[in-house]
$ cat query_25.tsv   # TSV, N, CA, C and O atoms
chain	number	residue	atom	x	y	z
J	1	MET	N	0.85	-1.17	0.00
J	1	MET	CA	0.00	0.00	0.00
J	1	MET	C	0.90	1.24	0.00
J	1	MET	O	1.91	1.28	0.67
J	2	THR	N	0.52	2.24	-0.73
J	2	THR	CA	1.28	3.48	-0.76
J	2	THR	C	0.47	4.57	-0.08
J	2	THR	O	-0.76	4.52	-0.03
J	3	LYS	N	1.17	5.53	0.46
J	3	LYS	CA	0.55	6.68	1.14
J	3	LYS	C	0.88	7.94	0.35
J	3	LYS	O	1.89	8.02	-0.32
J	4	ARG	N	0.02	8.91	0.45
J	4	ARG	CA	0.22	10.18	-0.23
J	4	ARG	C	0.78	11.19	0.77
J	4	ARG	O	0.39	11.21	1.93
J	5	LEU	N	1.71	12.01	0.30
J	5	LEU	CA	2.35	13.02	1.13
J	5	LEU	C	2.41	14.33	0.35
J	5	LEU	O	2.85	14.35	-0.79
J	6	ALA	N	1.97	15.39	0.99
J	6	ALA	CA	2.08	16.71	0.37
J	6	ALA	C	3.11	17.50	1.15
J	6	ALA	O	3.21	17.40	2.37
J	7	THR	N	3.92	18.28	0.44
J	7	THR	CA	4.95	19.08	1.10
J	7	THR	C	5.19	20.37	0.34
J	7	THR	O	4.73	20.52	-0.80
J	8	TYR	N	5.89	21.27	0.97
J	8	TYR	CA	6.26	22.53	0.34
J	8	TYR	C	7.77	22.56	0.21
J	8	TYR	O	8.49	22.14	1.12
J	9	LEU	N	8.26	23.05	-0.91
J	9	LEU	CA	9.69	23.15	-1.17
J	9	LEU	C	10.05	24.57	-1.55
J	9	LEU	O	9.28	25.26	-2.23
J	10	ALA	N	11.24	24.97	-1.17
J	10	ALA	CA	11.75	26.27	-1.61
J	10	ALA	C	11.92	26.23	-3.13
J	10	ALA	O	12.17	25.16	-3.71
J	11	ASP	N	11.78	27.37	-3.78
J	11	ASP	CA	11.88	27.44	-5.24
J	11	ASP	C	13.17	26.80	-5.75
J	11	ASP	O	13.17	26.06	-6.72
J	12	GLY	N	14.28	27.10	-5.09
J	12	GLY	CA	15.57	26.58	-5.54
J	12	GLY	C	15.64	25.06	-5.49
J	12	GLY	O	16.16	24.42	-6.40
J	13	ILE	N	15.09	24.47	-4.42
J	13	ILE	CA	15.08	23.01	-4.30
J	13	ILE	C	14.17	22.40	-5.35
J	13	ILE	O	14.51	21.39	-5.98
J	14	TYR	N	13.03	23.01	-5.57
J	14	TYR	CA	12.11	22.52	-6.60
J	14	TYR	C	12.80	22.54	-7.97
J	14	TYR	O	12.69	21.58	-8.74
J	15	ASP	N	13.50	23.63	-8.25
J	15	ASP	CA	14.19	23.74	-9.54
J	15	ASP	C	15.24	22.65	-9.72
J	15	ASP	O	15.39	22.07	-10.79
J	16	ILE	N	15.98	22.37	-8.64
J	16	ILE	CA	16.98	21.30	-8.69
J	16	ILE	C	16.31	19.96	-8.97
J	16	ILE	O	16.76	19.18	-9.83
J	17	LEU	N	15.23	19.67	-8.25
J	17	LEU	CA	14.51	18.40	-8.45
J	17	LEU	C	13.91	18.32	-9.86
J	17	LEU	O	13.92	17.25	-10.48
J	18	GLU	N	13.41	19.44	-10.34
J	18	GLU	CA	12.82	19.46	-11.68
J	18	GLU	C	13.86	19.13	-12.75
J	18	GLU	O	13.62	18.32	-13.64
J	19	GLU	N	15.03	19.73	-12.63
J	19	GLU	CA	16.11	19.47	-13.59
J	19	GLU	C	16.55	18.01	-13.51
J	19	GLU	O	16.73	17.34	-14.53
J	20	TRP	N	16.71	17.51	-12.29
J	20	TRP	CA	17.12	16.12	-12.08
J	20	TRP	C	16.09	15.16	-12.65
J	20	TRP	O	16.43	14.20	-13.35
J	21	ALA	N	14.81	15.42	-12.38
J	21	ALA	CA	13.74	14.57	-12.89
J	21	ALA	C	13.73	14.58	-14.42
J	21	ALA	O	13.55	13.53	-15.06
J	22	ASN	N	13.92	15.74	-15.01
J	22	ASN	CA	13.96	15.82	-16.47
J	22	ASN	C	15.12	15.01	-17.04
J	22	ASN	O	14.97	14.34	-18.07
J	23	GLN	N	16.28	15.06	-16.38
J	23	GLN	CA	17.43	14.29	-16.84
J	23	GLN	C	17.14	12.79	-16.81
J	23	GLN	O	17.63	12.04	-17.66
J	24	GLU	N	16.37	12.36	-15.82
J	24	GLU	CA	16.06	10.94	-15.68
J	24	GLU	C	14.73	10.55	-16.34
J	24	GLU	O	14.30	9.41	-16.23
J	25	ARG	N	14.12	11.51	-17.00
J	25	ARG	CA	12.85	11.30	-17.69
J	25	ARG	C	11.79	10.67	-16.77
J	25	ARG	O	11.17	9.64	-17.10
J	26	ARG	N	11.63	11.29	-15.64
J	26	ARG	CA	10.60	10.86	-14.70
J	26	ARG	C	9.93	12.10	-14.12
J	26	ARG	O	10.42	13.21	-14.28
J	27	SER	N	8.85	11.90	-13.42
J	27	SER	CA	8.15	13.03	-12.82
J	27	SER	C	8.89	13.48	-11.56
J	27	SER	O	9.64	12.71	-10.95
J	28	ILE	N	8.65	14.72	-11.18
J	28	ILE	CA	9.24	15.24	-9.95
J	28	ILE	C	8.73	14.42	-8.77
J	28	ILE	O	9.47	14.11	-7.84
J	29	SER	N	7.47	14.07	-8.82
J	29	SER	CA	6.87	13.29	-7.74
J	29	SER	C	7.55	11.94	-7.56
J	29	SER	O	7.87	11.54	-6.44
J	30	SER	N	7.79	11.23	-8.65
J	30	SER	CA	8.43	9.91	-8.53
J	30	SER	C	9.89	10.05	-8.09
J	30	SER	O	10.39	9.23	-7.32
J	31	LEU	N	10.56	11.10	-8.54
J	31	LEU	CA	11.93	11.34	-8.10
J	31	LEU	C	11.95	11.66	-6.60
J	31	LEU	O	12.77	11.11	-5.86
J	32	ALA	N	11.05	12.51	-6.15
J	32	ALA	CA	10.98	12.87	-4.73
J	32	ALA	C	10.71	11.63	-3.88
J	32	ALA	O	11.32	11.44	-2.82
J	33	ALA	N	9.80	10.77	-4.34
J	33	ALA	CA	9.51	9.54	-3.61
J	33	ALA	C	10.75	8.65	-3.52
J	33	ALA	O	11.06	8.09	-2.47
J	34	PHE	N	11.49	8.55	-4.62
J	34	PHE	CA	12.71	7.75	-4.65
J	34	PHE	C	13.75	8.31	-3.67
J	34	PHE	O	14.34	7.57	-2.87
J	35	VAL	N	13.96	9.62	-3.71
J	35	VAL	CA	14.95	10.26	-2.85
J	35	VAL	C	14.57	10.09	-1.37
J	35	VAL	O	15.41	9.77	-0.53
J	36	LEU	N	13.31	10.29	-1.05
J	36	LEU	CA	12.85	10.13	0.33
J	36	LEU	C	13.00	8.69	0.81
J	36	LEU	O	13.41	8.44	1.95
J	37	GLU	N	12.68	7.74	-0.06
J	37	GLU	CA	12.82	6.33	0.31
J	37	GLU	C	14.27	5.98	0.59
J	37	GLU	O	14.59	5.31	1.58
J	38	GLN	N	15.18	6.44	-0.26
J	38	GLN	CA	16.60	6.18	-0.06
J	38	GLN	C	17.09	6.80	1.25
J	38	GLN	O	17.84	6.16	2.00
J	39	ALA	N	16.69	8.02	1.53
J	39	ALA	CA	17.09	8.70	2.76
J	39	ALA	C	16.54	7.98	3.99
J	39	ALA	O	17.24	7.81	4.99
J	40	ALA	N	15.29	7.54	3.91
J	40	ALA	CA	14.69	6.82	5.04
J	40	ALA	C	15.39	5.49	5.29
J	40	ALA	O	15.65	5.13	6.44
J	41	ARG	N	15.72	4.77	4.23
J	41	ARG	CA	16.43	3.50	4.39
J	41	ARG	C	17.83	3.71	4.96
J	41	ARG	O	18.29	2.95	5.82
J	42	GLU	N	18.51	4.75	4.51
J	42	GLU	CA	19.84	5.06	5.03
J	42	GLU	C	19.77	5.43	6.51
J	42	GLU	O	20.59	5.00	7.31
J	43	HIS	N	18.77	6.21	6.87
J	43	HIS	CA	18.58	6.59	8.27
J	43	HIS	C	18.32	5.34	9.13
J	43	HIS	O	18.88	5.20	10.22
J	44	GLN	N	17.50	4.45	8.61
J	44	GLN	CA	17.19	3.22	9.33
J	44	GLN	C	18.45	2.38	9.56
J	44	GLN	O	18.68	1.87	10.65
J	45	LYS	N	19.31	2.28	8.55
J	45	LYS	CA	20.57	1.55	8.69
J	45	LYS	C	21.45	2.18	9.75
J	45	LYS	O	22.05	1.48	10.56
J	46	GLU	N	21.55	3.52	9.74
J	46	GLU	CA	22.37	4.22	10.72
J	46	GLU	C	21.84	4.00	12.14
J	46	GLU	O	22.62	3.83	13.07
J	47	MET	N	20.53	4.01	12.30
J	47	MET	CA	19.94	3.81	13.62
J	47	MET	C	20.20	2.39	14.12
J	47	MET	O	20.39	2.18	15.32
J	48	GLN	N	20.23	1.41	13.23
J	48	GLN	CA	20.49	0.03	13.63
J	48	GLN	C	21.94	-0.17	14.04
J	48	GLN	O	22.24	-1.05	14.83
J	49	LYS	N	22.86	0.65	13.52
J	49	LYS	CA	24.27	0.55	13.87
J	49	LYS	C	24.55	1.08	15.27
J	49	LYS	O	25.51	0.67	15.89
J	50	GLN	N	23.73	2.01	15.74
J	50	GLN	CA	23.97	2.63	17.03
J	50	GLN	C	23.61	1.66	18.15
J	50	GLN	O	22.60	0.97	18.08
J	51	PRO	N	24.42	1.63	19.21
J	51	PRO	CA	24.06	0.78	20.34
J	51	PRO	C	22.81	1.30	21.02
J	51	PRO	O	22.57	2.52	21.01
J	52	PRO	N	22.02	0.42	21.58
J	52	PRO	CA	20.82	0.90	22.28
J	52	PRO	C	21.20	1.74	23.49
J	52	PRO	O	22.26	1.53	24.08
J	53	PRO	N	20.36	2.69	23.86
J	53	PRO	CA	20.69	3.52	25.03
J	53	PRO	C	20.73	2.65	26.29
J	53	PRO	O	19.95	1.73	26.43
J	54	SER	N	21.64	2.98	27.17
J	54	SER	CA	21.78	2.23	28.41
J	54	SER	C	20.66	2.60	29.37
J	54	SER	O	20.28	3.76	29.49
J	55	ASP	N	20.14	1.59	30.05
J	55	ASP	CA	19.11	1.84	31.06
J	55	ASP	C	19.72	2.32	32.37
J	55	ASP	O	19.05	2.88	33.21
J	56	GLU	N	21.02	2.06	32.54
J	56	GLU	CA	21.70	2.45	33.77
J	56	GLU	C	22.01	3.95	33.74
J	56	GLU	O	22.41	4.49	32.72
J	57	LYS	N	21.83	4.60	34.86
J	57	LYS	CA	22.17	6.03	34.95
J	57	LYS	C	23.68	6.13	35.09
J	57	LYS	O	24.29	5.40	35.86
J	58	GLN	N	24.26	7.02	34.32
J	58	GLN	CA	25.69	7.21	34.39
J	58	GLN	C	26.04	8.04	35.62
J	58	GLN	O	25.35	9.01	35.92
J	59	GLU	N	27.10	7.62	36.33
J	59	GLU	CA	27.53	8.35	37.50
J	59	GLU	C	28.24	9.63	37.08
J	59	GLU	O	28.98	9.65	36.12
J	60	LYS	N	27.97	10.69	37.82
J	60	LYS	CA	28.62	11.97	37.54
J	60	LYS	C	29.97	11.98	38.21
J	60	LYS	O	30.13	11.52	39.34
J	61	SER	N	30.99	12.49	37.52
J	61	SER	CA	32.34	12.55	38.09
J	61	SER	C	32.53	13.77	38.92
J	61	SER	O	32.04	14.80	38.70

$ encode --input "query_25.tsv" --output "structure tokens"
Amino acid sequence: MTKRLATYLADGIYDILEEWANQERRSISSLAAFVLEQAAREHQKEMQKQPPPSDEKQEKS
């Protein structure tokens, strides 16, 4: 299932995405979805690499 997301972009960012989408012959929407998916997956990988927070309170020196 896919979800719909609406967002606002600065003119300069929109222009960059528009040029990139045109180079790849795809819509800005599909490019934005691809970029967001890649960023979310990368973030998820980084979070999995981090050790879980300790439940023990750290002693102050």

$ select_by_dssp --input "query_25.tsv" --residues "chain J" --states "alpha helix (DSSP H)" --output "PyMOL selection string"
chain J and resi 11-23+28-49

$ atom_distance --input "query_25.tsv" --atom1 "atom CA of Val35 of chain J" --atom2 "atom CA of Pro51 of chain J"
26.7 Å

$ atom_distance --input "query_25.tsv" --atom1 "atom CA of Ile28 of chain J" --atom2 "atom N of Leu9 of chain J"
12.0 Å

$ atom_distance --input "query_25.tsv" --atom1 "atom CA of Ala21 of chain J" --atom2 "atom CA of Thr7 of chain J"
17.1 Å

$ residues_around --input "query_25.tsv" --residues "segment 12-17 of chain J" --least-positions-apart "4" --cutoff "7 Å" --atoms "all atoms listed in the file" --output "PyMOL selection string"
chain J and resi 21-23+26-28+31

$ axis_aligned_box --input "query_25.tsv" --around "segment 35-38 of chain J" --padding-each-side "6 Å" --output "AutoDock Vina command-line options"
--center_x 15.3 --center_y 7.8 --center_z -0.9 --size_x 17.2 --size_y 17.0 --size_z 17.7
